[in-house]
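This is input-v5.pdb (PDB, C-alpha atoms (C1' of nucleotides)).
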MODEL        1
ATOM      1  CA  MET A1155     -24.582 -10.117 -17.381
ATOM      2  CA  PRO A1156     -20.828  -9.930 -17.300
ATOM      3  CA  GLY A1157     -20.619  -8.442 -13.819
ATOM      4  CA  VAL A1158     -19.815 -10.029 -10.486
ATOM      5  CA  ARG A1159     -21.041 -13.592 -10.320
ATOM      6  CA  PRO A1160     -18.637 -15.721  -8.330
ATOM      7  CA  HIS A1161     -18.799 -19.397  -9.132
ATOM      8  CA  PRO A1162     -17.789 -21.687  -6.254
ATOM      9  CA  GLY A1163     -16.523 -24.418  -8.529
ATOM     10  CA  GLU A1164     -13.663 -22.435 -10.032
ATOM     11  CA  PRO A1165     -10.524 -22.065  -7.945
ATOM     12  CA  PRO A1166      -9.925 -18.422  -7.117
ATOM     13  CA  ASP A1167      -7.149 -16.739  -9.074
ATOM     14  CA  GLU A1168      -4.831 -15.591  -6.325
ATOM     15  CA  ALA A1169      -2.785 -13.252  -8.506
ATOM     16  CA  ALA A1170      -5.781 -11.552 -10.064
ATOM     17  CA  ALA A1171      -7.521 -11.210  -6.717
ATOM     18  CA  GLY A1172      -4.395  -9.770  -5.151
ATOM     19  CA  ALA A1173      -4.048  -7.233  -7.942
ATOM     20  CA  VAL A1174      -7.646  -6.145  -7.437
ATOM     21  CA  PHE A1175      -7.220  -5.833  -3.662
ATOM     22  CA  ALA A1176      -4.084  -3.770  -4.117
ATOM     23  CA  ALA A1177      -5.830  -1.582  -6.670
ATOM     24  CA  LEU A1178      -8.856  -1.021  -4.444
ATOM     25  CA  ALA A1179      -6.776  -0.420  -1.334
ATOM     26  CA  ASP A1180      -6.602   3.276  -2.185
ATOM     27  CA  PRO A1181      -9.706   5.421  -1.529
ATOM     28  CA  THR A1182      -9.053   7.608  -4.561
ATOM     29  CA  ARG A1183      -8.893   4.527  -6.757
ATOM     30  CA  ARG A1184     -12.138   3.227  -5.265
ATOM     31  CA  HIS A1185     -13.738   6.565  -6.050
ATOM     32  CA  LEU A1186     -12.499   6.356  -9.629
ATOM     33  CA  VAL A1187     -13.902   2.850  -9.985
ATOM     34  CA  THR A1188     -17.321   3.876  -8.713
ATOM     35  CA  ALA A1189     -17.230   6.972 -10.889
ATOM     36  CA  LEU A1190     -16.431   4.860 -13.936
ATOM     37  CA  ALA A1191     -19.140   2.379 -12.989
ATOM     38  CA  ALA A1192     -21.626   5.234 -13.207
ATOM     39  CA  ARG A1193     -20.387   6.438 -16.609
ATOM     40  CA  SER A1194     -20.941   3.697 -19.142
ATOM     41  CA  GLY A1195     -19.558   5.976 -21.846
ATOM     42  CA  GLY A1196     -16.183   6.140 -20.145
ATOM     43  CA  ALA A1197     -14.324   9.204 -18.922
ATOM     44  CA  THR A1198     -11.049  11.027 -19.429
ATOM     45  CA  ALA A1199      -8.327  11.610 -16.873
ATOM     46  CA  THR A1200      -8.879  15.365 -16.970
ATOM     47  CA  GLY A1201     -12.604  14.962 -16.599
ATOM     48  CA  LEU A1202     -12.220  12.726 -13.588
ATOM     49  CA  ALA A1203      -9.605  15.002 -12.070
ATOM     50  CA  ALA A1204     -12.041  17.919 -12.309
ATOM     51  CA  GLU A1205     -14.222  16.410  -9.596
ATOM     52  CA  LEU A1206     -11.318  15.479  -7.362
ATOM     53  CA  PRO A1207      -8.987  17.537  -5.180
ATOM     54  CA  ILE A1208      -5.880  16.168  -6.891
ATOM     55  CA  SER A1209      -4.030  16.852 -10.095
ATOM     56  CA  ARG A1210      -4.672  15.272 -13.485
ATOM     57  CA  GLN A1211      -1.346  13.465 -13.384
ATOM     58  CA  ALA A1212      -2.202  11.879 -10.072
ATOM     59  CA  VAL A1213      -5.453  10.628 -11.589
ATOM     60  CA  ALA A1214      -3.571   9.369 -14.624
ATOM     61  CA  LYS A1215      -1.239   7.409 -12.360
ATOM     62  CA  HIS A1216      -4.195   5.873 -10.552
ATOM     63  CA  LEU A1217      -5.815   4.957 -13.857
ATOM     64  CA  ALA A1218      -2.558   3.333 -14.930
ATOM     65  CA  THR A1219      -2.604   1.297 -11.724
ATOM     66  CA  LEU A1220      -6.196   0.252 -12.351
ATOM     67  CA  ASP A1221      -5.192  -0.633 -15.894
ATOM     68  CA  ARG A1222      -2.372  -2.857 -14.632
ATOM     69  CA  ALA A1223      -4.920  -4.616 -12.425
ATOM     70  CA  GLY A1224      -7.121  -5.127 -15.488
ATOM     71  CA  LEU A1225      -9.948  -3.085 -14.011
ATOM     72  CA  VAL A1226      -9.944  -0.478 -16.740
ATOM     73  CA  SER A1227      -9.531  -0.313 -20.509
ATOM     74  CA  HIS A1228      -8.371   2.763 -22.377
ATOM     75  CA  THR A1229      -9.244   3.801 -25.921
ATOM     76  CA  ARG A1230      -7.721   6.724 -27.745
ATOM     77  CA  HIS A1231     -10.337   8.966 -29.329
ATOM     78  CA  GLY A1232      -8.663  11.699 -31.272
ATOM     79  CA  ARG A1233      -6.544  13.648 -28.868
ATOM     80  CA  GLU A1234      -8.377  12.453 -25.805
ATOM     81  CA  GLN A1235      -8.136   9.077 -24.120
ATOM     82  CA  ARG A1236     -11.263   7.590 -22.644
ATOM     83  CA  PHE A1237     -11.120   5.092 -19.791
ATOM     84  CA  GLU A1238     -13.840   2.539 -19.273
ATOM     85  CA  LEU A1239     -14.469   0.153 -16.401
ATOM     86  CA  ASP A1240     -13.808  -3.540 -16.889
ATOM     87  CA  PRO A1241     -15.580  -5.279 -14.016
ATOM     88  CA  ARG A1242     -14.390  -8.802 -14.824
ATOM     89  CA  PRO A1243     -11.444  -8.884 -12.365
ATOM     90  CA  LEU A1244     -13.860  -7.910  -9.608
ATOM     91  CA  ALA A1245     -15.288 -11.396  -9.893
ATOM     92  CA  ASP A1246     -11.885 -12.910  -9.152
ATOM     93  CA  ALA A1247     -11.605 -10.855  -5.987
ATOM     94  CA  ALA A1248     -15.145 -11.739  -4.948
ATOM     95  CA  ALA A1249     -14.409 -15.400  -5.596
ATOM     96  CA  TRP A1250     -11.349 -15.237  -3.353
ATOM     97  CA  LEU A1251     -13.381 -13.675  -0.554
ATOM     98  CA  THR A1252     -16.150 -16.231  -0.779
ATOM     99  CA  ALA A1253     -13.626 -19.073  -0.974
ATOM    100  CA  VAL A1254     -11.964 -17.968   2.262
ATOM    101  CA  GLY A1255     -15.328 -17.499   3.933
ATOM    102  CA  ALA A1256     -16.483 -20.915   2.773
ATOM    103  CA  GLU A1257     -13.283 -22.567   3.978
ATOM    104  CA  TRP A1258     -13.773 -20.975   7.371
ATOM    105  CA  ASP A1259     -17.376 -22.100   7.524
ATOM    106  CA  THR A1260     -16.532 -25.716   6.742
ATOM    107  CA  ARG A1261     -13.674 -25.741   9.254
ATOM    108  CA  LEU A1262     -16.037 -24.349  11.851
ATOM    109  CA  ALA A1263     -18.663 -26.946  10.982
ATOM    110  CA  ASP A1264     -16.039 -29.695  11.248
ATOM    111  CA  LEU A1265     -15.071 -28.441  14.673
ATOM    112  CA  GLN A1266     -18.639 -28.342  15.924
ATOM    113  CA  ARG A1267     -19.365 -31.777  14.513
ATOM    114  CA  LEU A1268     -16.275 -33.014  16.317
ATOM    115  CA  LEU A1269     -17.376 -31.518  19.616
ATOM    116  CA  LYS A1270     -20.943 -32.773  19.417
ATOM    117  CA  GLY A1271     -19.895 -36.298  18.609
TER     118      GLY A1271
ATOM    119  CA  MET B 157     -23.575 -19.571   8.301
ATOM    120  CA  PRO B 158     -21.777 -16.431   9.305
ATOM    121  CA  GLY B 159     -19.453 -16.387   6.305
ATOM    122  CA  VAL B 160     -19.622 -14.408   3.088
ATOM    123  CA  ARG B 161     -23.188 -13.853   2.069
ATOM    124  CA  PRO B 162     -23.549 -10.415   0.489
ATOM    125  CA  HIS B 163     -27.035  -8.980   0.686
ATOM    126  CA  PRO B 164     -27.911  -6.614  -2.152
ATOM    127  CA  GLY B 165     -30.336  -4.608  -0.087
ATOM    128  CA  GLU B 166     -27.816  -3.214   2.353
ATOM    129  CA  PRO B 167     -25.663  -0.328   1.181
ATOM    130  CA  PRO B 168     -22.027  -1.385   1.167
ATOM    131  CA  ASP B 169     -19.914  -0.072   4.025
ATOM    132  CA  GLU B 170     -17.241   1.891   2.203
ATOM    133  CA  ALA B 171     -14.946   2.255   5.202
ATOM    134  CA  ALA B 172     -15.090  -1.414   6.176
ATOM    135  CA  ALA B 173     -14.615  -2.541   2.581
ATOM    136  CA  GLY B 174     -11.670  -0.194   2.155
ATOM    137  CA  ALA B 175     -10.061  -1.513   5.310
ATOM    138  CA  VAL B 176     -10.440  -5.075   4.052
ATOM    139  CA  PHE B 177      -9.011  -4.233   0.635
ATOM    140  CA  ALA B 178      -6.030  -2.512   2.236
ATOM    141  CA  ALA B 179      -5.509  -5.458   4.565
ATOM    142  CA  LEU B 180      -5.664  -7.988   1.730
ATOM    143  CA  ALA B 181      -3.466  -5.949  -0.578
ATOM    144  CA  ASP B 182      -0.395  -7.631   0.880
ATOM    145  CA  PRO B 183       0.370 -11.206  -0.213
ATOM    146  CA  THR B 184       1.748 -12.146   3.198
ATOM    147  CA  ARG B 185      -1.444 -10.943   4.829
ATOM    148  CA  ARG B 186      -3.525 -12.929   2.344
ATOM    149  CA  HIS B 187      -1.479 -15.994   3.211
ATOM    150  CA  LEU B 188      -2.095 -15.398   6.907
ATOM    151  CA  VAL B 189      -5.821 -15.067   6.301
ATOM    152  CA  THR B 190      -6.007 -18.314   4.349
ATOM    153  CA  ALA B 191      -3.824 -20.030   6.950
ATOM    154  CA  LEU B 192      -6.151 -18.848   9.711
ATOM    155  CA  ALA B 193      -9.183 -19.911   7.692
ATOM    156  CA  ALA B 194      -7.766 -23.443   7.712
ATOM    157  CA  ARG B 195      -7.126 -23.463  11.464
ATOM    158  CA  SER B 196     -10.409 -23.109  13.295
ATOM    159  CA  GLY B 197      -8.560 -23.386  16.600
ATOM    160  CA  GLY B 198      -6.572 -20.262  15.903
ATOM    161  CA  ALA B 199      -2.825 -19.840  15.720
ATOM    162  CA  THR B 200      -0.019 -17.910  17.380
ATOM    163  CA  ALA B 201       2.281 -15.382  15.760
ATOM    164  CA  THR B 202       5.312 -17.599  16.298
ATOM    165  CA  GLY B 203       3.535 -20.617  14.895
ATOM    166  CA  LEU B 204       2.531 -18.751  11.775
ATOM    167  CA  ALA B 205       5.993 -17.266  11.389
ATOM    168  CA  ALA B 206       7.479 -20.768  11.435
ATOM    169  CA  GLU B 207       5.980 -21.530   8.039
ATOM    170  CA  LEU B 208       6.960 -18.203   6.529
ATOM    171  CA  PRO B 209      10.289 -16.765   5.405
ATOM    172  CA  ILE B 210       9.909 -13.698   7.619
ATOM    173  CA  SER B 211      10.443 -12.917  11.279
ATOM    174  CA  ARG B 212       7.912 -13.320  14.047
ATOM    175  CA  GLN B 213       7.722  -9.564  14.558
ATOM    176  CA  ALA B 214       6.835  -9.039  10.931
ATOM    177  CA  VAL B 215       4.015 -11.547  11.317
ATOM    178  CA  ALA B 216       2.898  -9.834  14.505
ATOM    179  CA  LYS B 217       2.730  -6.521  12.650
ATOM    180  CA  HIS B 218       0.658  -8.089   9.906
ATOM    181  CA  LEU B 219      -1.675  -9.634  12.464
ATOM    182  CA  ALA B 220      -2.045  -6.229  14.087
ATOM    183  CA  THR B 221      -2.985  -4.794  10.703
ATOM    184  CA  LEU B 222      -5.542  -7.548  10.173
ATOM    185  CA  ASP B 223      -6.828  -6.844  13.660
ATOM    186  CA  ARG B 224      -7.280  -3.159  12.831
ATOM    187  CA  ALA B 225      -9.287  -4.227   9.791
ATOM    188  CA  GLY B 226     -11.457  -6.403  12.021
ATOM    189  CA  LEU B 227     -10.437  -9.568  10.205
ATOM    190  CA  VAL B 228      -8.884 -11.205  13.216
ATOM    191  CA  SER B 229      -9.580 -11.542  16.927
ATOM    192  CA  HIS B 230      -6.913 -12.268  19.517
ATOM    193  CA  THR B 231      -7.321 -14.084  22.799
ATOM    194  CA  ARG B 232      -4.650 -14.395  25.431
ATOM    195  CA  HIS B 233      -4.172 -17.969  26.580
ATOM    196  CA  GLY B 234      -1.627 -18.067  29.343
ATOM    197  CA  ARG B 235       1.556 -16.673  27.943
ATOM    198  CA  GLU B 236       0.612 -17.223  24.361
ATOM    199  CA  GLN B 237      -1.771 -15.210  22.258
ATOM    200  CA  ARG B 238      -3.965 -17.029  19.788
ATOM    201  CA  PHE B 239      -5.318 -15.297  16.698
ATOM    202  CA  GLU B 240      -8.524 -16.404  15.064
ATOM    203  CA  LEU B 241     -10.098 -15.381  11.793
ATOM    204  CA  ASP B 242     -13.186 -13.193  11.835
ATOM    205  CA  PRO B 243     -14.685 -13.473   8.364
ATOM    206  CA  ARG B 244     -17.474 -10.944   8.854
ATOM    207  CA  PRO B 245     -15.691  -7.950   7.294
ATOM    208  CA  LEU B 246     -15.113 -10.043   4.184
ATOM    209  CA  ALA B 247     -18.824  -9.741   3.531
ATOM    210  CA  ASP B 248     -18.538  -5.944   3.465
ATOM    211  CA  ALA B 249     -15.803  -6.141   0.862
ATOM    212  CA  ALA B 250     -17.752  -8.651  -1.203
ATOM    213  CA  ALA B 251     -20.828  -6.432  -0.985
ATOM    214  CA  TRP B 252     -18.823  -3.479  -2.295
ATOM    215  CA  LEU B 253     -17.570  -5.516  -5.237
ATOM    216  CA  THR B 254     -21.005  -6.802  -6.164
ATOM    217  CA  ALA B 255     -22.491  -3.312  -5.773
ATOM    218  CA  VAL B 256     -20.010  -1.847  -8.231
ATOM    219  CA  GLY B 257     -20.540  -4.728 -10.626
ATOM    220  CA  ALA B 258     -24.288  -4.367 -10.390
ATOM    221  CA  GLU B 259     -24.091  -0.616 -10.957
ATOM    222  CA  TRP B 260     -22.020  -1.202 -14.066
ATOM    223  CA  ASP B 261     -24.449  -3.811 -15.337
ATOM    224  CA  THR B 262     -27.463  -1.541 -14.958
ATOM    225  CA  ARG B 263     -25.623   1.377 -16.601
ATOM    226  CA  LEU B 264     -24.699  -0.890 -19.463
ATOM    227  CA  ALA B 265     -28.266  -2.130 -19.750
ATOM    228  CA  ASP B 266     -29.525   1.441 -19.768
ATOM    229  CA  LEU B 267     -27.134   2.305 -22.557
ATOM    230  CA  GLN B 268     -28.178  -0.665 -24.666
ATOM    231  CA  ARG B 269     -31.843   0.049 -24.081
ATOM    232  CA  LEU B 270     -31.184   3.624 -25.164
ATOM    233  CA  LEU B 271     -29.468   2.502 -28.340
ATOM    234  CA  LYS B 272     -32.029  -0.131 -29.294
ATOM    235  CA  GLY B 273     -35.199   1.800 -28.678
TER     236      GLY B 273
ATOM    237  C1'  DA C1307      14.666 -20.965  41.813
ATOM    238  C1'  DC C1308      16.188 -21.151  37.009
ATOM    239  C1'  DT C1309      15.884 -21.776  32.317
ATOM    240  C1'  DG C1310      13.491 -21.514  28.197
ATOM    241  C1'  DT C1311       9.858 -19.986  25.269
ATOM    242  C1'  DG C1312       6.455 -16.538  23.596
ATOM    243  C1'  DT C1313       5.354 -11.547  23.571
ATOM    244  C1'  DG C1314       5.715  -6.728  23.282
ATOM    245  C1'  DC C1315       8.132  -2.482  22.409
ATOM    246  C1'  DA C1316      11.359   0.503  20.047
ATOM    247  C1'  DA C1317      14.748   1.999  16.849
ATOM    248  C1'  DC C1318      16.170   1.733  12.506
ATOM    249  C1'  DC C1319      16.487   0.976   7.296
ATOM    250  C1'  DA C1320      15.164   0.584   2.316
ATOM    251  C1'  DT C1321      11.623   0.738  -0.846
ATOM    252  C1'  DT C1322       7.229   1.946  -2.497
ATOM    253  C1'  DA C1323       3.336   5.011  -3.023
ATOM    254  C1'  DG C1324       0.746   9.113  -3.604
ATOM    255  C1'  DG C1325       1.330  13.539  -4.961
ATOM    256  C1'  DT C1326       3.359  17.730  -7.097
ATOM    257  C1'  DT C1327       5.517  20.706 -10.755
ATOM    258  C1'  DG C1328       7.445  21.532 -15.194
ATOM    259  C1'  DC C1329       7.926  20.707 -19.960
ATOM    260  C1'  DG C1330       7.222  19.035 -24.698
ATOM    261  C1'  DC C1331       4.224  17.062 -28.175
ATOM    262  C1'  DA C1332       0.057  16.317 -30.741
ATOM    263  C1'  DT C1333      -4.479  17.537 -32.135
ATOM    264  C1'  DT C1334      -8.476  20.341 -32.444
ATOM    265  C1'  DC C1335     -10.613  24.871 -33.242
ATOM    266  C1'  DG C1336     -11.000  29.926 -34.444
TER     267       DG C1336
ATOM    268  C1'  DC D 953      -1.458  29.681 -39.226
ATOM    269  C1'  DG D 954      -1.812  30.316 -34.365
ATOM    270  C1'  DA D 955      -3.820  29.508 -29.917
ATOM    271  C1'  DA D 956      -5.662  26.411 -26.793
ATOM    272  C1'  DT D 957      -6.477  21.950 -24.927
ATOM    273  C1'  DG D 958      -5.427  17.266 -23.568
ATOM    274  C1'  DC D 959      -1.662  13.806 -22.835
ATOM    275  C1'  DG D 960       2.572  11.743 -21.663
ATOM    276  C1'  DC D 961       7.077  11.785 -19.558
ATOM    277  C1'  DA D 962      10.381  12.838 -16.068
ATOM    278  C1'  DA D 963      12.241  14.653 -11.788
ATOM    279  C1'  DC D 964      11.412  15.329  -7.328
ATOM    280  C1'  DC D 965       9.492  15.234  -2.439
ATOM    281  C1'  DT D 966       7.287  13.168   1.679
ATOM    282  C1'  DA D 967       5.155   9.810   4.186
ATOM    283  C1'  DA D 968       3.893   5.215   4.793
ATOM    284  C1'  DT D 969       5.052   0.273   4.495
ATOM    285  C1'  DG D 970       7.328  -4.123   5.099
ATOM    286  C1'  DG D 971      11.081  -5.726   7.063
ATOM    287  C1'  DT D 972      14.972  -6.203  10.356
ATOM    288  C1'  DT D 973      17.496  -6.420  14.995
ATOM    289  C1'  DG D 974      17.905  -5.887  19.911
ATOM    290  C1'  DC D 975      16.145  -5.969  24.387
ATOM    291  C1'  DA D 976      13.086  -6.457  28.352
ATOM    292  C1'  DC D 977       9.346  -8.872  30.479
ATOM    293  C1'  DA D 978       6.052 -12.570  31.726
ATOM    294  C1'  DC D 979       4.776 -17.134  32.261
ATOM    295  C1'  DA D 980       5.767 -22.505  32.112
ATOM    296  C1'  DG D 981       8.110 -26.501  33.137
ATOM    297  C1'  DT D 982      11.627 -29.027  35.568
TER     298       DT D 982
ENDMDL
END
Serialized structure, structure tokens:
Amino acid sequence: MPGVRPHPGEPPDEAAAGAVFAALADPTRRHLVTALAARSGGATATGLAAELPISRQAVAKHLATLDRAGLVSHTRHGREQRFELDPRPLADAAAWLTAVGAEWDTRLADLQRLLKG
Amino acid sequence: MPGVRPHPGEPPDEAAAGAVFAALADPTRRHLVTALAARSGGATATGLAAELPISRQAVAKHLATLDRAGLVSHTRHGREQRFELDPRPLADAAAWLTAVGAEWDTRLADLQRLLKG
DNA sequence: ACTGTGTGCAACCATTAGGTTGCGCATTCG
DNA sequence: CGAATGCGCAACCTAATGGTTGCACACAGT
């Protein structure tokens, strides 16, 4: 199961997490990610653009952004290029989130322990 | 433990997750979030700006952005305004990530089951 | 009462981001 | 071969973003 399984022991990769957050900051990109998550066979830029109100080139740009964040892998198949989701960086982002939440929780616990005596 | 504890049963809040991703897309904002996670007492804009290479107003803008995303709560204390981390929206973002990862995993499993049998 | 410190508001600036159109090239299909 | 389809590249436009400076106002401490 290569999906999202954050492991508390590993220090969160700030750079990778930041790249993922930046990539997922755009609603269109989030839609593309969910669309790719539902198509295990992968999809083409034109195919994805067909179900969106924007042009193919805009989709291609978004896919390039997702590629730079490591969230997508592209394979040339004849004259068409299929994009497939790579969920591994999602784990880095999830790890960052849980790390911050955990830090907060421990700080809060420290504070309460301090107040109680 | 009010921190990050994603619950698979609940459908992920797309809007909240998107707001969190957009908020955390900026490295300065991520730094502010981690800094606030380490200070359970909260911090002021000027205090946070002191340990950053940018102006107080820039920090204030970032804090306002984090506030809009629900990641921070501000309380006026005399003439100074203290900002405190609110980690709850982080759970929405984490839930979104795990949901996408889980979707991908099941799609992949379906595909492999299809190929094998 | 006066001075200093912390905020808030506004104008302004440069860069990035999301999107479009147009064109040229390669590959598949009739 | 010729037509159509899918991509990639480049130029361009607009709006948003991250940052700055300047100023006015409120509250604290002496």
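Residue-level contacts from chain A to chain D at 9 Å, counting all atoms listed in the file, read A:Thr1200, A:Arg1233, A:Glu1234, A:Gln1235.
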Could those residues be written to a file, using C-alpha atoms, as an mmCIF file, keeping the file's coordinate frame?
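Final output, again.cif:
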data_model
loop_
_atom_site.group_PDB
_atom_site.id
_atom_site.type_symbol
_atom_site.label_atom_id
_atom_site.label_comp_id
_atom_site.auth_asym_id
_atom_site.auth_seq_id
_atom_site.Cartn_x
_atom_site.Cartn_y
_atom_site.Cartn_z
ATOM 1 C CA THR A 1200 -8.879 15.365 -16.970
ATOM 2 C CA ARG A 1233 -6.544 13.648 -28.868
ATOM 3 C CA GLU A 1234 -8.377 12.453 -25.805
ATOM 4 C CA GLN A 1235 -8.136 9.077 -24.120
#
Residues near Leu204 (chain B), cut-off 9 Å, all atoms listed in the file, skip fewer than 6 positions along chain, as JSON, numbers by chain: {"B": [188, 191, 192, 212, 215]}
Pairwise distance for CA of Gly1271 (chain A) and CA of Gly198 (chain B), rounded to one decimal in Å: 21.0 Å
Residue hits in chain C, query chain B, radius 10 Å, all atoms listed in the file, as a list of chain:residue names: C:DT1311, C:DG1312, C:DT1313, C:DG1314
Shell of 12 Å around Pro243 (chain B), only C-alpha atoms (C1' of nucleotides), local chain residues under 4 positions omitted, as a ChimeraX atom specification: /A:1251-1259,1262 /B:157-161,176,189-190,192-193,196,222-223,225-229,247-250
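For the choices A:Ala1169, A:Leu1217, A:Ala1212, A:Ala1197, the atom-to-atom distance to chain B is smallest for A:Ala1169 when using only C-alpha atoms.
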